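One file, upload_31.pdb, is given below (PDB, C-alpha atoms, pLDDT in the B column).
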```pdb
MODEL        1
ATOM      1  CA  MET A 688     -21.770   6.881  43.973  1.00 51.00           C
ATOM      2  CA  GLU A 689     -18.015   7.243  44.278  1.00 53.00           C
ATOM      3  CA  VAL A 690     -17.445   4.195  42.045  1.00 48.00           C
ATOM      4  CA  PHE A 691     -19.665   5.759  39.374  1.00 45.00           C
ATOM      5  CA  TRP A 692     -17.485   8.896  39.235  1.00 45.00           C
ATOM      6  CA  GLU A 693     -14.284   6.839  38.989  1.00 48.00           C
ATOM      7  CA  MET A 694     -15.705   4.856  36.083  1.00 45.00           C
ATOM      8  CA  THR A 695     -16.937   8.025  34.405  1.00 45.00           C
ATOM      9  CA  SER A 696     -13.494   9.574  34.585  1.00 45.00           C
ATOM     10  CA  LEU A 697     -12.055   6.462  32.925  1.00 47.00           C
ATOM     11  CA  LEU A 698     -14.504   6.775  30.051  1.00 48.00           C
ATOM     12  CA  VAL A 699     -13.697  10.423  29.310  1.00 48.00           C
ATOM     13  CA  ARG A 700     -10.809  10.469  26.871  1.00 48.00           C
ATOM     14  CA  ASP A 701      -8.301  13.234  26.522  1.00 47.00           C
ATOM     15  CA  PRO A 702      -7.835  13.641  22.749  1.00 48.00           C
ATOM     16  CA  PHE A 703      -4.144  14.429  23.190  1.00 47.00           C
ATOM     17  CA  LEU A 704      -3.541  11.257  25.188  1.00 50.00           C
ATOM     18  CA  ALA A 705      -5.647   9.162  22.818  1.00 49.00           C
ATOM     19  CA  SER A 706      -3.472  10.244  19.896  1.00 52.00           C
ATOM     20  CA  PRO A 707      -0.168  11.516  21.281  1.00 53.00           C
ATOM     21  CA  PHE A 708       1.370  12.089  17.858  1.00 55.00           C
ATOM     22  CA  ARG A 709      -1.628  13.945  16.428  1.00 55.00           C
ATOM     23  CA  LEU A 710      -0.107  17.380  16.914  1.00 54.00           C
ATOM     24  CA  MET A 711       3.141  16.322  15.252  1.00 55.00           C
ATOM     25  CA  ASP A 712       1.213  14.747  12.365  1.00 55.00           C
ATOM     26  CA  GLU A 713      -0.806  17.930  11.872  1.00 54.00           C
ATOM     27  CA  PHE A 714       2.347  20.022  11.961  1.00 56.00           C
ATOM     28  CA  MET A 715       4.062  17.794   9.388  1.00 56.00           C
ATOM     29  CA  ARG A 716       0.974  17.808   7.165  1.00 51.00           C
ATOM     30  CA  SER A 717       0.772  21.592   7.174  1.00 52.00           C
ATOM     31  CA  ALA A 718       4.456  22.006   6.300  1.00 54.00           C
ATOM     32  CA  GLY A 719       5.262  22.812   2.700  1.00 48.00           C
ATOM     33  CA  ASN A 720       3.381  25.624   1.010  1.00 45.00           C
ATOM     34  CA  GLY A 721       1.459  26.639   4.129  1.00 47.00           C
ATOM     35  CA  LYS A 722      -1.840  25.593   2.579  1.00 49.00           C
ATOM     36  CA  GLY A 723      -1.989  22.047   3.912  1.00 45.00           C
ATOM     37  CA  VAL A 724      -0.795  18.752   2.616  1.00 43.00           C
ATOM     38  CA  THR A 725       1.144  18.718  -0.628  1.00 59.00           C
ATOM     39  CA  GLY A 726       1.208  14.962  -1.095  1.00 78.00           C
ATOM     40  CA  PHE A 727       0.986  11.570   0.527  1.00 85.00           C
ATOM     41  CA  SER A 728       2.295   8.035   0.302  1.00 88.00           C
ATOM     42  CA  PRO A 729      -0.467   5.433  -0.110  1.00 91.00           C
ATOM     43  CA  PRO A 730      -0.013   2.109   1.697  1.00 91.00           C
ATOM     44  CA  VAL A 731       1.092  -0.849  -0.424  1.00 92.00           C
ATOM     45  CA  ASP A 732       0.812  -4.606   0.174  1.00 93.00           C
ATOM     46  CA  VAL A 733       2.869  -7.063  -1.901  1.00 94.00           C
ATOM     47  CA  HIS A 734       2.121 -10.781  -1.796  1.00 94.00           C
ATOM     48  CA  GLU A 735       3.946 -13.572  -3.585  1.00 92.00           C
ATOM     49  CA  THR A 736       2.488 -16.790  -4.946  1.00 91.00           C
ATOM     50  CA  ASP A 737       4.146 -19.545  -6.968  1.00 89.00           C
ATOM     51  CA  GLU A 738       3.055 -17.877 -10.211  1.00 91.00           C
ATOM     52  CA  GLU A 739       2.904 -14.121  -9.566  1.00 93.00           C
ATOM     53  CA  TYR A 740       3.348 -11.080  -7.366  1.00 94.00           C
ATOM     54  CA  TRP A 741       0.121  -9.466  -6.216  1.00 95.00           C
ATOM     55  CA  VAL A 742       0.304  -5.745  -5.378  1.00 96.00           C
ATOM     56  CA  ARG A 743      -2.542  -3.831  -3.701  1.00 97.00           C
ATOM     57  CA  ILE A 744      -2.464  -0.066  -3.175  1.00 96.00           C
ATOM     58  CA  ASP A 745      -5.116   1.769  -1.154  1.00 95.00           C
ATOM     59  CA  LEU A 746      -6.242   4.892  -3.010  1.00 95.00           C
ATOM     60  CA  PRO A 747      -9.589   5.932  -1.504  1.00 92.00           C
ATOM     61  CA  GLY A 748     -11.082   8.985  -3.132  1.00 89.00           C
ATOM     62  CA  VAL A 749      -8.748   8.776  -6.151  1.00 92.00           C
ATOM     63  CA  LYS A 750     -10.310   8.346  -9.581  1.00 92.00           C
ATOM     64  CA  ALA A 751      -8.838   5.647 -11.827  1.00 93.00           C
ATOM     65  CA  ASP A 752      -8.162   8.336 -14.458  1.00 93.00           C
ATOM     66  CA  ASP A 753      -5.941  10.167 -11.935  1.00 93.00           C
ATOM     67  CA  VAL A 754      -3.577   7.169 -11.548  1.00 95.00           C
ATOM     68  CA  ASN A 755      -0.746   6.299 -13.928  1.00 95.00           C
ATOM     69  CA  VAL A 756       1.074   2.934 -13.789  1.00 96.00           C
ATOM     70  CA  GLU A 757       4.308   2.521 -15.747  1.00 95.00           C
ATOM     71  CA  VAL A 758       7.241   0.107 -15.959  1.00 94.00           C
ATOM     72  CA  ASN A 759      10.649   1.416 -16.978  1.00 92.00           C
ATOM     73  CA  ASP A 760      13.923  -0.520 -16.546  1.00 90.00           C
ATOM     74  CA  ASN A 761      12.340  -3.017 -14.094  1.00 89.00           C
ATOM     75  CA  VAL A 762      10.923  -0.201 -11.951  1.00 91.00           C
ATOM     76  CA  LEU A 763       7.156  -0.151 -11.478  1.00 93.00           C
ATOM     77  CA  SER A 764       5.895   3.393 -10.850  1.00 93.00           C
ATOM     78  CA  ILE A 765       2.445   4.289  -9.560  1.00 94.00           C
ATOM     79  CA  VAL A 766       1.840   8.040  -9.756  1.00 94.00           C
ATOM     80  CA  GLY A 767      -1.299  10.101  -9.271  1.00 94.00           C
ATOM     81  CA  SER A 768      -3.102  12.691  -7.224  1.00 92.00           C
ATOM     82  CA  ARG A 769      -6.092  13.163  -4.967  1.00 90.00           C
ATOM     83  CA  VAL A 770      -7.981  16.441  -5.082  1.00 86.00           C
ATOM     84  CA  PRO A 771     -10.024  17.656  -2.102  1.00 82.00           C
ATOM     85  CA  ALA A 772     -13.735  18.201  -2.593  1.00 79.00           C
ATOM     86  CA  GLU A 773     -14.637  21.867  -2.351  1.00 80.00           C
ATOM     87  CA  THR A 774     -17.758  21.714  -0.186  1.00 83.00           C
ATOM     88  CA  GLY A 775     -17.512  24.730   2.057  1.00 84.00           C
ATOM     89  CA  ALA A 776     -15.176  26.008   4.723  1.00 84.00           C
ATOM     90  CA  ALA A 777     -13.019  23.236   6.138  1.00 80.00           C
ATOM     91  CA  GLN A 778     -13.230  22.713   9.892  1.00 82.00           C
ATOM     92  CA  ILE A 779     -10.880  19.737  10.219  1.00 82.00           C
ATOM     93  CA  LEU A 780      -8.517  18.462   7.522  1.00 79.00           C
ATOM     94  CA  GLU A 781      -6.964  15.099   8.336  1.00 82.00           C
ATOM     95  CA  ARG A 782      -7.072  13.361   4.965  1.00 83.00           C
ATOM     96  CA  SER A 783      -4.049  13.711   2.713  1.00 84.00           C
ATOM     97  CA  TYR A 784      -4.369  15.371  -0.678  1.00 86.00           C
ATOM     98  CA  GLY A 785      -2.036  16.151  -3.510  1.00 89.00           C
ATOM     99  CA  ALA A 786       0.374  14.110  -5.568  1.00 92.00           C
ATOM    100  CA  PHE A 787       1.639  10.665  -4.647  1.00 92.00           C
ATOM    101  CA  ALA A 788       4.217   8.312  -6.111  1.00 92.00           C
ATOM    102  CA  ARG A 789       5.235   4.774  -5.202  1.00 92.00           C
ATOM    103  CA  THR A 790       7.931   2.770  -6.935  1.00 92.00           C
ATOM    104  CA  LEU A 791       8.732  -0.927  -6.708  1.00 92.00           C
ATOM    105  CA  THR A 792      11.743  -2.665  -8.232  1.00 91.00           C
ATOM    106  CA  LEU A 793      10.674  -5.710 -10.223  1.00 90.00           C
ATOM    107  CA  PRO A 794      12.781  -8.866 -10.594  1.00 88.00           C
ATOM    108  CA  LYS A 795      14.782  -9.141 -13.811  1.00 88.00           C
ATOM    109  CA  GLY A 796      12.925 -10.845 -16.607  1.00 88.00           C
ATOM    110  CA  VAL A 797       9.380  -9.669 -15.743  1.00 90.00           C
ATOM    111  CA  ASP A 798       7.308  -9.262 -18.889  1.00 91.00           C
ATOM    112  CA  SER A 799       5.796  -5.796 -18.478  1.00 91.00           C
ATOM    113  CA  ASP A 800       3.203  -6.569 -21.191  1.00 93.00           C
ATOM    114  CA  ALA A 801       1.794  -9.364 -19.005  1.00 94.00           C
ATOM    115  CA  ILE A 802       1.110  -7.116 -15.971  1.00 95.00           C
ATOM    116  CA  GLU A 803      -2.607  -6.750 -15.283  1.00 96.00           C
ATOM    117  CA  ALA A 804      -4.174  -3.841 -13.407  1.00 96.00           C
ATOM    118  CA  ALA A 805      -7.671  -3.483 -11.927  1.00 96.00           C
ATOM    119  CA  TYR A 806      -9.170  -0.667  -9.887  1.00 96.00           C
ATOM    120  CA  GLN A 807     -12.213  -1.170  -7.681  1.00 95.00           C
ATOM    121  CA  ASP A 808     -13.532   0.445  -4.494  1.00 94.00           C
ATOM    122  CA  GLY A 809     -10.454   2.666  -4.138  1.00 94.00           C
ATOM    123  CA  VAL A 810      -7.971  -0.218  -4.347  1.00 96.00           C
ATOM    124  CA  LEU A 811      -5.526  -0.599  -7.236  1.00 97.00           C
ATOM    125  CA  GLU A 812      -4.631  -4.240  -7.757  1.00 97.00           C
ATOM    126  CA  LEU A 813      -1.702  -5.329  -9.925  1.00 96.00           C
ATOM    127  CA  ARG A 814      -0.904  -8.906 -10.889  1.00 96.00           C
ATOM    128  CA  ILE A 815       2.678  -9.324 -12.023  1.00 95.00           C
ATOM    129  CA  PRO A 816       3.585 -12.752 -13.460  1.00 94.00           C
ATOM    130  CA  LYS A 817       6.928 -14.090 -12.255  1.00 90.00           C
ATOM    131  CA  PRO A 818       9.644 -14.561 -14.832  1.00 86.00           C
ATOM    132  CA  ALA A 819      10.215 -18.208 -15.811  1.00 79.00           C
ATOM    133  CA  GLU A 820      13.540 -18.447 -13.993  1.00 73.00           C
ATOM    134  CA  ARG A 821      12.035 -17.028 -10.787  1.00 59.00           C
ATOM    135  CA  LYS A 822       9.234 -19.574 -10.539  1.00 63.00           C
ATOM    136  CA  PRO A 823      10.002 -22.417  -8.147  1.00 71.00           C
ATOM    137  CA  LYS A 824      10.728 -25.637  -9.956  1.00 72.00           C
ATOM    138  CA  LYS A 825       8.815 -28.607  -8.611  1.00 78.00           C
ATOM    139  CA  ILE A 826      10.708 -31.869  -8.638  1.00 82.00           C
ATOM    140  CA  ALA A 827       8.702 -35.067  -8.520  1.00 83.00           C
ATOM    141  CA  ILE A 828       9.957 -37.656  -6.114  1.00 86.00           C
ATOM    142  CA  GLY A 829       9.875 -41.151  -7.581  1.00 79.00           C
ATOM    143  CA  ALA A 830       9.990 -44.547  -5.919  1.00 71.00           C
ATOM    144  CA  SER A 831      13.132 -45.163  -3.960  1.00 64.00           C
ATOM    145  CA  THR A 832      15.491 -47.776  -5.350  1.00 60.00           C
ATOM    146  CA  ARG A 833      18.519 -48.550  -3.256  1.00 59.00           C
ATOM    147  CA  LYS A 834      21.416 -50.549  -4.451  1.00 55.00           C
ATOM    148  CA  THR A 835      23.644 -52.314  -2.037  1.00 56.00           C
ATOM    149  CA  ILE A 836      27.297 -51.606  -2.312  1.00 56.00           C
ATOM    150  CA  GLU A 837      29.394 -54.727  -2.282  1.00 56.00           C
ATOM    151  CA  LYS A 838      32.894 -54.697  -0.901  1.00 52.00           C
TER     152      LYS A 838
ENDMDL
END
```

Would you mind writing the structure in this file as structure tokens?
Amino acid sequence: MEVFWEMTSLLVRDPFLASPFRLMDEFMRSAGNGKGVTGFSPPVDVHETDEEYWVRIDLPGVKADDVNVEVNDNVLSIVGSRVPAETGAAQILERSYGAFARTLTLPKGVDSDAIEAAYQDGVLELRIPKPAERKPKKIAIGASTRKTIEK
């Protein structure tokens, strides 16, 4: 029976030990106007292929109409906001709401008219073609011909 109690005590989790920075996160989220979160910074992934840059931004709960994507002087800006659903008295508020903005500096020579954007399942996906001079140049290797050097 003693082993059972030891195992039970291992299974009971202290919420403060399980998430030691939770209190600090909650404090930082409630800073600002005293009414909760005033903004957030959505996570961004950038991948590079031979032909393009592929940018994915997680925006769950944000409507496509609430997101604005612009390019100005080789700076890609993604700006928008997420509004909380008013469905009664809040008991726990852990999700971030408010305005957000992310900026990425694009390589020189990117054609902003060729950038494609798609939004599905709360993920904004941007495909940014590389400028011609930034694309790796493939050099074909031909048959080897060696000449002997005579002295």

Worksheet, complete the sentence: Counting all atoms listed in the file, closest pick from A:Pro818, A:Gly748, A:Pro771, A:Gly785 relative to Gly726 (chain A) is A:Gly785

Worksheet item: Got a sec to resolve the PyMOL selection byres ((chain A and resi 820) around 12) on this structure and send the residues as a VMD selection string?
Response: chain A and resid 737 to 738 794 to 797 816 to 819 821 to 824

Discussion item. Please enumerate the residues selected by the PyMOL selection byres ((chain A and resi 800) around 12) when evaluated against the supplied file, formatted as a ChimeraX atom specification.
Written reply: /A:757-759,796-799,801-804,814-816

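The shortest atom-to-atom distance to Val731 (chain A), with all atoms listed in the file taken into account, belongs to A:Thr790 out of A:Thr790, A:Ser768, A:Ser783, A:Asn755.
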
Discussion item. So that I can see what lies close to Ala786 (chain A), please list as a list in words the residues with an atom at most 8 Å from it, counting all atoms listed in the file and leaving out residues fewer than 2 positions away in the same chain.
Written reply: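 Selected residues are Thr725, Gly726, Phe727, Val766, Gly767, Ser768, Arg769, Tyr784 and Ala788 of chain A.
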
Discussion item. One decimal, in Å: what's the spacing between CA of Val762 (chain A) and CA of Leu793 (chain A)?
Written reply: 5.8 Å

Item to complete: Can you work out the spacing between CA of Glu781 (chain A) and CA of Leu813 (chain A) in Å, to one decimal?
Response: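 That distance, rounded to one decimal, is 27.9 Å.
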
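When the PyMOL selection byres ((chain A and resi 806) around 10) is evaluated on the file shown here, the picked residues come out as Arg743, Ile744, Asp745, Leu746, Lys750, Ala751, Val754, Ala804, Ala805, Gln807, Asp808, Gly809, Val810, Leu811, Glu812 and Leu813 of chain A.
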
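For the pair CA of Pro729 (chain A) and CA of Leu763 (chain A), the interatomic distance is 14.8 Å.
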
Discussion item. Calculated over all atoms listed in the file, which of the candidates A:Ser728, A:Leu791, A:Ile826, A:Arg782 has the smallest distance to Ser764 (chain A)?
Written reply: A:Leu791

Give the centre and edge lengths of an axis-aligned box, in Å to one decimal, that holds all listed atoms of region 778-783 of chain A with 6 Å on each side, as lines of an AutoDock Vina configuration file.
```
center_x = -8.6
center_y = 18.0
center_z = 6.5
size_x = 21.2
size_y = 21.4
size_z = 19.5
```

Discussion item. I'd like to know which of A:Thr736, A:Asp753, A:Arg789, A:Val742 is closest to Val770 (chain A), using all atoms listed in the file.
Written reply: A:Asp753
